[in-house]
file input_20.pdb (PDB, C-alpha atoms)
ATOM      1  CA  MET H 235      21.639  22.990   7.951  1.00  0.00           C
ATOM      2  CA  ASP H 236      20.550  19.559   9.074  1.00  0.00           C
ATOM      3  CA  GLY H 237      19.955  17.293   6.074  1.00  0.00           C
ATOM      4  CA  TYR H 238      18.025  14.587   7.921  1.00  0.00           C
ATOM      5  CA  LYS H 239      14.229  14.497   7.569  1.00  0.00           C
ATOM      6  CA  ALA H 240      11.606  11.879   8.311  1.00  0.00           C
ATOM      7  CA  GLY H 241      10.737  10.041   5.128  1.00  0.00           C
ATOM      8  CA  MET H 242      14.204  10.136   3.578  1.00  0.00           C
ATOM      9  CA  LEU H 243      16.108   6.991   2.717  1.00  0.00           C
ATOM     10  CA  ALA H 244      19.397   6.355   4.497  1.00  0.00           C
ATOM     11  CA  ARG H 245      22.203   3.832   3.992  1.00  0.00           C
ATOM     12  CA  SER H 246      24.091   2.503   7.006  1.00  0.00           C
ATOM     13  CA  LYS H 247      27.798   3.396   6.892  1.00  0.00           C
ATOM     14  CA  ALA H 248      28.885   1.525  10.028  1.00  0.00           C
ATOM     15  CA  GLY H 249      27.981  -1.505  12.094  1.00  0.00           C
ATOM     16  CA  HIS H 250      26.930  -5.044  11.288  1.00  0.00           C
ATOM     17  CA  ASP H 251      24.252  -3.670   8.944  1.00  0.00           C
ATOM     18  CA  LYS H 252      26.719  -1.656   6.824  1.00  0.00           C
ATOM     19  CA  GLY H 253      25.278  -0.965   3.363  1.00  0.00           C
ATOM     20  CA  LYS H 254      21.654  -1.677   4.291  1.00  0.00           C
ATOM     21  CA  VAL H 255      19.040   0.899   3.279  1.00  0.00           C
ATOM     22  CA  TYR H 256      16.368   2.117   5.702  1.00  0.00           C
ATOM     23  CA  VAL H 257      13.624   4.734   5.833  1.00  0.00           C
ATOM     24  CA  ILE H 258      14.134   7.489   8.411  1.00  0.00           C
ATOM     25  CA  ILE H 259      11.071   7.609  10.662  1.00  0.00           C
ATOM     26  CA  VAL H 260      12.129   9.982  13.470  1.00  0.00           C
ATOM     27  CA  VAL H 261      14.967  12.499  13.767  1.00  0.00           C
ATOM     28  CA  ASP H 262      16.306  14.067  16.967  1.00  0.00           C
ATOM     29  CA  ASP H 263      19.472  16.030  17.807  1.00  0.00           C
ATOM     30  CA  THR H 264      21.953  13.132  17.728  1.00  0.00           C
ATOM     31  CA  TYR H 265      20.106  10.095  16.417  1.00  0.00           C
ATOM     32  CA  VAL H 266      17.888   8.931  13.584  1.00  0.00           C
ATOM     33  CA  TYR H 267      15.398   6.132  14.040  1.00  0.00           C
ATOM     34  CA  LEU H 268      15.182   3.802  11.075  1.00  0.00           C
ATOM     35  CA  ALA H 269      12.815   1.126   9.794  1.00  0.00           C
ATOM     36  CA  ASP H 270      13.016  -1.437   6.997  1.00  0.00           C
ATOM     37  CA  GLY H 271       9.543  -2.945   7.437  1.00  0.00           C
ATOM     38  CA  SER H 272      10.699  -6.507   8.066  1.00  0.00           C
ATOM     39  CA  ILE H 273      13.275  -6.836  10.852  1.00  0.00           C
ATOM     40  CA  ARG H 274      13.171  -3.211  11.952  1.00  0.00           C
ATOM     41  CA  THR H 275       9.451  -2.529  12.094  1.00  0.00           C
ATOM     42  CA  LEU H 276       7.682   0.608  13.259  1.00  0.00           C
ATOM     43  CA  GLY H 277       7.332  -1.013  16.676  1.00  0.00           C
ATOM     44  CA  HIS H 278      11.060  -1.834  16.843  1.00  0.00           C
ATOM     45  CA  LEU H 279      13.007   1.020  15.223  1.00  0.00           C
ATOM     46  CA  LYS H 280      16.781   0.986  14.758  1.00  0.00           C
ATOM     47  CA  LYS H 281      18.510   3.817  16.622  1.00  0.00           C
ATOM     48  CA  LYS H 282      21.644   5.037  14.853  1.00  0.00           C
ATOM     49  CA  LYS H 283      23.859   8.076  15.213  1.00  0.00           C
ATOM     50  CA  LYS H 284      23.584  10.535  12.359  1.00  0.00           C
ATOM     51  CA  LYS H 285      27.257  10.234  11.519  1.00  0.00           C
ATOM     52  CA  HIS H 286      26.766   6.505  10.861  1.00  0.00           C
ATOM     53  CA  VAL H 287      24.204   6.930   8.070  1.00  0.00           C
ATOM     54  CA  GLN H 288      24.389   8.397   4.591  1.00  0.00           C
ATOM     55  CA  VAL H 289      21.247  10.149   3.416  1.00  0.00           C
ATOM     56  CA  ILE H 290      19.877   9.196   0.015  1.00  0.00           C
ATOM     57  CA  LEU H 291      18.225  12.238  -1.503  1.00  0.00           C
ATOM     58  CA  ARG H 292      14.829  10.642  -1.935  1.00  0.00           C
ATOM     59  CA  GLU H 293      11.955  11.643   0.321  1.00  0.00           C
ATOM     60  CA  TYR H 294       8.615   9.931   0.943  1.00  0.00           C
ATOM     61  CA  ASN H 295       5.567  10.828   3.005  1.00  0.00           C
ATOM     62  CA  VAL H 296       5.661   8.674   6.151  1.00  0.00           C
ATOM     63  CA  THR H 297       2.924  10.293   8.210  1.00  0.00           C
ATOM     64  CA  ALA H 298       0.442   7.405   7.806  1.00  0.00           C
ATOM     65  CA  VAL H 299       2.768   4.601   6.768  1.00  0.00           C
ATOM     66  CA  ASP H 300       2.853   0.975   7.899  1.00  0.00           C
ATOM     67  CA  ASP H 301       5.484  -1.771   7.616  1.00  0.00           C
ATOM     68  CA  THR H 302       4.086  -3.009   4.310  1.00  0.00           C
ATOM     69  CA  ARG H 303       4.398   0.450   2.772  1.00  0.00           C
ATOM     70  CA  ILE H 304       7.980   0.771   4.051  1.00  0.00           C
ATOM     71  CA  ARG H 305       8.910  -2.540   2.412  1.00  0.00           C
ATOM     72  CA  ARG H 306       7.284  -1.356  -0.822  1.00  0.00           C
ATOM     73  CA  ILE H 307       9.194   1.957  -0.745  1.00  0.00           C
ATOM     74  CA  LEU H 308      12.510   0.146  -0.278  1.00  0.00           C
ATOM     75  CA  LYS H 309      11.705  -2.405  -2.987  1.00  0.00           C
ATOM     76  CA  GLU H 310      10.778   0.314  -5.501  1.00  0.00           C
ATOM     77  CA  TRP H 311      13.973   2.224  -4.721  1.00  0.00           C
ATOM     78  CA  SER H 312      16.039  -0.939  -5.066  1.00  0.00           C
ATOM     79  CA  MET H 313      14.521  -1.671  -8.476  1.00  0.00           C
ATOM     80  CA  GLU H 314      15.199   1.890  -9.664  1.00  0.00           C
ATOM     81  CA  GLU H 315      18.777   1.666  -8.357  1.00  0.00           C
ATOM     82  CA  SER H 316      19.416  -1.608 -10.180  1.00  0.00           C
ATOM     83  CA  LYS H 317      18.037  -0.142 -13.446  1.00  0.00           C
ATOM     84  CA  THR H 318      20.350   2.856 -13.064  1.00  0.00           C
ATOM     85  CA  CYS H 319      23.356   0.590 -12.461  1.00  0.00           C
ATOM     86  CA  GLN H 320      22.499  -1.497 -15.531  1.00  0.00           C
ATOM     87  CA  LYS H 321      22.368   1.629 -17.719  1.00  0.00           C
ATOM     88  CA  LEU H 322      25.825   2.679 -16.530  1.00  0.00           C
ATOM     89  CA  THR H 323      27.456  -0.633 -17.457  1.00  0.00           C
TER      90      THR H 323
END
call {"tool": "encode", "arguments": {"input": "input_20.pdb", "output": "structure tokens"}}
result
Amino acid sequence: MDGYKAGMLARSKAGHDKGKVYVIIVVDDTYVYLADGSIRTLGHLKKKKKKHVQVILREYNVTAVDDTRIRRILKEWSMEESKTCQKLT
């Protein structure tokens, strides 16, 4: 089973952007195409091999999304993640 779907969040495991979180926009056999809404916009997607990303089990509807919405999705997830980390400490 392929666990990569458009709309899921993914963290980069390799490359100069290691640790950065993106939204998966397109999935094909070998690659995922990622956007963060600021540097990697919908017009300039980041192409990364599937083995170089870690899927975060959170899925959003990206059928009619724009760069502003992508930034908002990532900001909301980041805030939730920081709250979870604070509760653990």
call {"tool": "atom_distance", "arguments": {"input": "input_20.pdb", "atom1": "CA of Gly277 (chain H)", "atom2": "CA of Asp300 (chain H)"}}
result
10.1 Å
call {"tool": "resolve_selection", "arguments": {"input": "input_20.pdb", "expression": "the PyMOL selection byres ((chain H and resi 307) around 12)", "output": "MDAnalysis selection string"}}
result
chainID H and resid 241:243 255:258 269:271 292:296 299:306 308:314
call {"tool": "atom_distance", "arguments": {"input": "input_20.pdb", "atom1": "CA of Ala240 (chain H)", "atom2": "CA of Ser316 (chain H)"}}
result
24.2 Å
call {"tool": "atom_distance", "arguments": {"input": "input_20.pdb", "atom1": "CA of Asp262 (chain H)", "atom2": "CA of His250 (chain H)"}}
result
22.6 Å
call {"tool": "closest_residue", "arguments": {"input": "input_20.pdb", "among": "H:Val261, H:Ile273, H:Leu322, H:Ala248", "to": "Lys285 (chain H)", "atoms": "only C-alpha atoms"}}
result
H:Ala248
call {"tool": "resolve_selection", "arguments": {"input": "input_20.pdb", "expression": "the PyMOL selection byres ((chain H and resi 265) around 8)", "output": "list in words"}}
result
Val261, Asp262, Asp263, Thr264, Val266, Tyr267, Lys281, Lys282, Lys283 and Lys284 of chain H
call {"tool": "closest_residue", "arguments": {"input": "input_20.pdb", "among": "H:Lys239, H:Lys317, H:Arg274, H:Lys247", "to": "Gln288 (chain H)", "atoms": "only C-alpha atoms"}}
result
H:Lys247
call {"tool": "closest_residue", "arguments": {"input": "input_20.pdb", "among": "H:Leu291, H:Lys280, H:Thr297, H:Gln320", "to": "Gly249 (chain H)", "atoms": "all atoms listed in the file"}}
result
H:Lys280
call {"tool": "build_atoms", "arguments": {"input": "input_20.pdb", "residues": "region 255-269 of chain H", "atoms": "N, CA and C atoms", "output": "mmCIF file, in the coordinates of the input"}}
result
data_model
loop_
_atom_site.group_PDB
_atom_site.id
_atom_site.type_symbol
_atom_site.label_atom_id
_atom_site.label_comp_id
_atom_site.auth_asym_id
_atom_site.auth_seq_id
_atom_site.Cartn_x
_atom_site.Cartn_y
_atom_site.Cartn_z
ATOM 1 N N VAL H 255 19.818 -0.322 3.466
ATOM 2 C CA VAL H 255 19.040 0.899 3.279
ATOM 3 C C VAL H 255 17.800 0.847 4.162
ATOM 4 N N TYR H 256 17.512 1.965 4.811
ATOM 5 C CA TYR H 256 16.368 2.117 5.702
ATOM 6 C C TYR H 256 15.593 3.370 5.335
ATOM 7 N N VAL H 257 14.402 3.504 5.914
ATOM 8 C CA VAL H 257 13.624 4.734 5.833
ATOM 9 C C VAL H 257 13.745 5.425 7.183
ATOM 10 N N ILE H 258 14.063 6.720 7.163
ATOM 11 C CA ILE H 258 14.134 7.489 8.411
ATOM 12 C C ILE H 258 12.708 7.779 8.868
ATOM 13 N N ILE H 259 12.408 7.413 10.103
ATOM 14 C CA ILE H 259 11.071 7.609 10.662
ATOM 15 C C ILE H 259 11.052 8.804 11.613
ATOM 16 N N VAL H 260 12.051 8.900 12.483
ATOM 17 C CA VAL H 260 12.129 9.982 13.470
ATOM 18 C C VAL H 260 13.550 10.531 13.481
ATOM 19 N N VAL H 261 13.667 11.846 13.677
ATOM 20 C CA VAL H 261 14.967 12.499 13.767
ATOM 21 C C VAL H 261 15.001 13.303 15.052
ATOM 22 N N ASP H 262 16.093 13.175 15.833
ATOM 23 C CA ASP H 262 16.306 14.067 16.967
ATOM 24 C C ASP H 262 17.695 14.698 16.837
ATOM 25 N N ASP H 263 18.213 15.290 17.894
ATOM 26 C CA ASP H 263 19.472 16.030 17.807
ATOM 27 C C ASP H 263 20.663 15.166 17.411
ATOM 28 N N THR H 264 20.786 13.983 17.960
ATOM 29 C CA THR H 264 21.953 13.132 17.728
ATOM 30 C C THR H 264 21.652 11.889 16.910
ATOM 31 N N TYR H 265 20.440 11.388 17.008
ATOM 32 C CA TYR H 265 20.106 10.095 16.417
ATOM 33 C C TYR H 265 19.028 10.191 15.341
ATOM 34 N N VAL H 266 19.010 9.176 14.484
ATOM 35 C CA VAL H 266 17.888 8.931 13.584
ATOM 36 C C VAL H 266 17.340 7.558 13.934
ATOM 37 N N TYR H 267 16.055 7.397 13.759
ATOM 38 C CA TYR H 267 15.398 6.132 14.040
ATOM 39 C C TYR H 267 14.895 5.580 12.718
ATOM 40 N N LEU H 268 15.350 4.372 12.400
ATOM 41 C CA LEU H 268 15.182 3.802 11.075
ATOM 42 C C LEU H 268 14.291 2.568 11.093
ATOM 43 N N ALA H 269 13.634 2.324 9.949
ATOM 44 C CA ALA H 269 12.815 1.126 9.794
ATOM 45 C C ALA H 269 13.032 0.547 8.406
#
